[in-house]
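Chemist: Structure below; questions to follow.
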There are 2 protein chains.
Amino acid sequence: MTQLREQSCEACRADAPKLNAAQISALMAEVPGWQVIEPGGIAQLMREFSFANFAQALAFTQQVGELADSFDHHPVLITEWGKVTIYWWSHKIRGLHKNDFIMAAKTSALFMPGSD
Amino acid sequence: MTQLREQSCEACRADAPKLNAAQISALMAEVPGWQVIEPGGIAQLMREFSFANFAQALAFTQQVGELADSFDHHPVLITEWGKVTIYWWSHKIRGLHKNDFIMAAKTSALFMPGSD
């Protein structure tokens, strides 16, 4: 099976179905370190990444931001001293699409190249 | 009077006094667009900056981050499509120091060079 991080996002239309609980559960096994949160009832993937200082955190934000823009799928990134917190979800469907898991896997791979 | 944005941060020790309400009120006049919020009882300066797309927002995050690191005073930056939200406060004193107003003024000047 092709690893998530090597897949590309497909176009996500407003009428695309959200992932159901079983699909989410299966995909979660492929994105260790990420958790599902549901602020305002909208499921999102969230992960905190730790760094030794501010500059490293900022550089990671820049890397993930450029990755996001290249796929035209955009997260929320919170950058602070020694930490970047990232939230992926699909705005059009107000929930999780497989694209979000693909982007989460790609994000993790940027943090630690070679890992899942 | 030297404009805030042209001043430098002074060393902020843990026993430095927080700004009082009158001092905050006077300084607020010099940082239009910023507001004081108090999550968890910790006063912070917050402002949202709007952009035409994600790439511009990310570039602003990078600019403000580099500015912050050069003064060794670090904000929280939330980057998302078309928007960057920035929070300045002084962690050591769990509140607002003049440094935060200096950095807020410098941040605004990056957004629109030549303005306050």
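Simple scheme: letters A, B, ... for chains in structure tokens order, numbers from 1 for residues in each chain, numbers from 1 for ligands in the order shown.
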If we count only C-alpha atoms, what is near range 25-32 of chain A at a cut-off of 9 Å, once residues fewer than 4 positions away on the same chain are taken out, given as a count of residues only?
Modeler: 12
Chemist: What does chain B look like after a least-squares fit onto chain A on every Cα paired in order, written as a PDB file with C-alpha atoms, in the first residue's frame?
Modeler:
ATOM      1  CA  MET B   1       0.036  -0.015   0.073  1.00  0.00           C
ATOM      2  CA  THR B   2       1.293   3.434  -0.808  1.00  0.00           C
ATOM      3  CA  GLN B   3       2.177   5.319   2.320  1.00  0.00           C
ATOM      4  CA  LEU B   4      -0.078   8.254   3.056  1.00  0.00           C
ATOM      5  CA  ARG B   5       2.776  10.700   2.948  1.00  0.00           C
ATOM      6  CA  GLU B   6       3.504   9.746  -0.665  1.00  0.00           C
ATOM      7  CA  GLN B   7      -0.063  10.324  -1.835  1.00  0.00           C
ATOM      8  CA  SER B   8      -1.484  13.525  -3.283  1.00  0.00           C
ATOM      9  CA  CYS B   9      -4.618  15.358  -2.253  1.00  0.00           C
ATOM     10  CA  GLU B  10      -7.601  14.916  -4.505  1.00  0.00           C
ATOM     11  CA  ALA B  11      -9.920  17.823  -5.206  1.00  0.00           C
ATOM     12  CA  CYS B  12     -12.245  18.187  -2.220  1.00  0.00           C
ATOM     13  CA  ARG B  13     -15.688  19.432  -3.180  1.00  0.00           C
ATOM     14  CA  ALA B  14     -18.209  20.833  -0.723  1.00  0.00           C
ATOM     15  CA  ASP B  15     -20.374  17.749  -1.267  1.00  0.00           C
ATOM     16  CA  ALA B  16     -17.567  15.263  -0.623  1.00  0.00           C
ATOM     17  CA  PRO B  17     -18.449  12.941   2.241  1.00  0.00           C
ATOM     18  CA  LYS B  18     -16.718  13.409   5.565  1.00  0.00           C
ATOM     19  CA  LEU B  19     -14.801  10.385   6.794  1.00  0.00           C
ATOM     20  CA  ASN B  20     -16.828   8.242   9.160  1.00  0.00           C
ATOM     21  CA  ALA B  21     -15.576   7.022  12.522  1.00  0.00           C
ATOM     22  CA  ALA B  22     -14.320   3.689  11.188  1.00  0.00           C
ATOM     23  CA  GLN B  23     -12.425   5.373   8.360  1.00  0.00           C
ATOM     24  CA  ILE B  24     -10.903   7.876  10.769  1.00  0.00           C
ATOM     25  CA  SER B  25      -9.907   5.115  13.150  1.00  0.00           C
ATOM     26  CA  ALA B  26      -8.163   3.176  10.371  1.00  0.00           C
ATOM     27  CA  LEU B  27      -6.287   6.242   9.112  1.00  0.00           C
ATOM     28  CA  MET B  28      -5.207   7.319  12.609  1.00  0.00           C
ATOM     29  CA  ALA B  29      -2.936   4.277  12.736  1.00  0.00           C
ATOM     30  CA  GLU B  30      -0.968   5.824   9.879  1.00  0.00           C
ATOM     31  CA  VAL B  31      -0.368   9.205  11.529  1.00  0.00           C
ATOM     32  CA  PRO B  32       1.220   8.545  14.934  1.00  0.00           C
ATOM     33  CA  GLY B  33       1.368  11.569  17.210  1.00  0.00           C
ATOM     34  CA  TRP B  34      -1.756  13.182  15.756  1.00  0.00           C
ATOM     35  CA  GLN B  35      -5.033  13.349  17.603  1.00  0.00           C
ATOM     36  CA  VAL B  36      -8.589  14.163  16.589  1.00  0.00           C
ATOM     37  CA  ILE B  37     -10.184  17.142  18.297  1.00  0.00           C
ATOM     38  CA  GLU B  38     -13.615  18.600  17.595  1.00  0.00           C
ATOM     39  CA  PRO B  39     -13.773  22.310  18.405  1.00  0.00           C
ATOM     40  CA  GLY B  40     -17.244  23.597  17.597  1.00  0.00           C
ATOM     41  CA  GLY B  41     -18.203  20.119  16.372  1.00  0.00           C
ATOM     42  CA  ILE B  42     -15.691  20.263  13.488  1.00  0.00           C
ATOM     43  CA  ALA B  43     -13.311  17.302  13.549  1.00  0.00           C
ATOM     44  CA  GLN B  44      -9.671  18.317  13.090  1.00  0.00           C
ATOM     45  CA  LEU B  45      -6.286  16.610  13.231  1.00  0.00           C
ATOM     46  CA  MET B  46      -3.928  18.261  15.714  1.00  0.00           C
ATOM     47  CA  ARG B  47      -0.308  17.689  16.645  1.00  0.00           C
ATOM     48  CA  GLU B  48       2.260  19.656  18.631  1.00  0.00           C
ATOM     49  CA  PHE B  49       5.865  19.631  17.425  1.00  0.00           C
ATOM     50  CA  SER B  50       8.625  20.607  19.870  1.00  0.00           C
ATOM     51  CA  PHE B  51      11.839  22.442  19.040  1.00  0.00           C
ATOM     52  CA  ALA B  52      14.935  23.669  20.876  1.00  0.00           C
ATOM     53  CA  ASN B  53      14.233  27.341  20.247  1.00  0.00           C
ATOM     54  CA  PHE B  54      12.071  29.844  18.393  1.00  0.00           C
ATOM     55  CA  ALA B  55      14.069  29.897  15.157  1.00  0.00           C
ATOM     56  CA  GLN B  56      13.636  26.150  14.625  1.00  0.00           C
ATOM     57  CA  ALA B  57       9.910  26.412  15.261  1.00  0.00           C
ATOM     58  CA  LEU B  58       9.625  29.277  12.779  1.00  0.00           C
ATOM     59  CA  ALA B  59      11.577  27.339  10.147  1.00  0.00           C
ATOM     60  CA  PHE B  60       9.210  24.381  10.536  1.00  0.00           C
ATOM     61  CA  THR B  61       6.185  26.665  10.164  1.00  0.00           C
ATOM     62  CA  GLN B  62       7.706  27.957   6.944  1.00  0.00           C
ATOM     63  CA  GLN B  63       8.358  24.430   5.634  1.00  0.00           C
ATOM     64  CA  VAL B  64       4.879  23.176   6.438  1.00  0.00           C
ATOM     65  CA  GLY B  65       3.347  26.359   5.048  1.00  0.00           C
ATOM     66  CA  GLU B  66       5.158  25.953   1.734  1.00  0.00           C
ATOM     67  CA  LEU B  67       4.140  22.291   1.572  1.00  0.00           C
ATOM     68  CA  ALA B  68       0.530  23.272   2.267  1.00  0.00           C
ATOM     69  CA  ASP B  69       0.480  25.934  -0.405  1.00  0.00           C
ATOM     70  CA  SER B  70       1.942  23.535  -2.960  1.00  0.00           C
ATOM     71  CA  PHE B  71      -1.073  21.250  -2.395  1.00  0.00           C
ATOM     72  CA  ASP B  72      -3.513  24.156  -2.065  1.00  0.00           C
ATOM     73  CA  HIS B  73      -4.695  22.710   1.253  1.00  0.00           C
ATOM     74  CA  HIS B  74      -4.043  24.949   4.226  1.00  0.00           C
ATOM     75  CA  PRO B  75      -3.751  24.255   7.944  1.00  0.00           C
ATOM     76  CA  VAL B  76      -3.778  26.515  10.943  1.00  0.00           C
ATOM     77  CA  LEU B  77      -0.261  26.824  12.372  1.00  0.00           C
ATOM     78  CA  ILE B  78       0.457  28.210  15.824  1.00  0.00           C
ATOM     79  CA  THR B  79       4.100  29.206  16.180  1.00  0.00           C
ATOM     80  CA  GLU B  80       5.621  30.020  19.548  1.00  0.00           C
ATOM     81  CA  TRP B  81       8.951  29.587  21.363  1.00  0.00           C
ATOM     82  CA  GLY B  82       9.975  25.936  20.970  1.00  0.00           C
ATOM     83  CA  LYS B  83       6.655  24.713  19.642  1.00  0.00           C
ATOM     84  CA  VAL B  84       4.478  24.575  16.537  1.00  0.00           C
ATOM     85  CA  THR B  85       0.918  23.297  16.820  1.00  0.00           C
ATOM     86  CA  ILE B  86      -0.767  22.313  13.569  1.00  0.00           C
ATOM     87  CA  TYR B  87      -4.433  21.734  12.776  1.00  0.00           C
ATOM     88  CA  TRP B  88      -5.581  20.077   9.544  1.00  0.00           C
ATOM     89  CA  TRP B  89      -9.180  19.827   8.449  1.00  0.00           C
ATOM     90  CA  SER B  90     -11.223  20.408   5.296  1.00  0.00           C
ATOM     91  CA  HIS B  91     -13.014  23.721   5.510  1.00  0.00           C
ATOM     92  CA  LYS B  92     -15.360  22.926   2.632  1.00  0.00           C
ATOM     93  CA  ILE B  93     -16.838  19.889   4.346  1.00  0.00           C
ATOM     94  CA  ARG B  94     -16.344  21.184   7.907  1.00  0.00           C
ATOM     95  CA  GLY B  95     -14.616  18.010   8.947  1.00  0.00           C
ATOM     96  CA  LEU B  96     -12.014  15.428   8.022  1.00  0.00           C
ATOM     97  CA  HIS B  97     -11.250  14.210   4.501  1.00  0.00           C
ATOM     98  CA  LYS B  98      -8.538  11.748   3.528  1.00  0.00           C
ATOM     99  CA  ASN B  99      -6.588  14.775   2.284  1.00  0.00           C
ATOM    100  CA  ASP B 100      -6.102  15.862   5.889  1.00  0.00           C
ATOM    101  CA  PHE B 101      -4.491  12.569   6.795  1.00  0.00           C
ATOM    102  CA  ILE B 102      -2.258  12.783   3.729  1.00  0.00           C
ATOM    103  CA  MET B 103      -1.150  16.271   4.750  1.00  0.00           C
ATOM    104  CA  ALA B 104      -0.663  15.198   8.393  1.00  0.00           C
ATOM    105  CA  ALA B 105       1.575  12.342   7.227  1.00  0.00           C
ATOM    106  CA  LYS B 106       3.549  14.701   4.989  1.00  0.00           C
ATOM    107  CA  THR B 107       3.903  17.153   7.906  1.00  0.00           C
ATOM    108  CA  SER B 108       5.279  14.428  10.182  1.00  0.00           C
ATOM    109  CA  ALA B 109       7.730  13.383   7.480  1.00  0.00           C
ATOM    110  CA  LEU B 110       9.055  16.976   7.310  1.00  0.00           C
ATOM    111  CA  PHE B 111       9.600  16.956  11.058  1.00  0.00           C
ATOM    112  CA  MET B 112      11.591  13.750  11.003  1.00  0.00           C
ATOM    113  CA  PRO B 113      12.492  12.713   7.459  1.00  0.00           C
ATOM    114  CA  GLY B 114      12.397   8.968   7.016  1.00  0.00           C
ATOM    115  CA  SER B 115       9.845   8.337   9.742  1.00  0.00           C
ATOM    116  CA  ASP B 116       6.138   7.929   9.274  1.00  0.00           C
TER     117      ASP B 116
END
Chemist: Out of chain B, which residues get strand (DSSP E) from DSSP, as a ChimeraX atom specification?
Modeler: /B:35-37,44-50,76-80,83-88
Chemist: Name the residues of chain A that come out as helix (DSSP H, G or I) in a backbone DSSP run; write them as a VMD selection string.
Modeler: chain A and resid 4 to 6 21 to 28 39 to 41 54 to 71 91 to 93 98 to 111
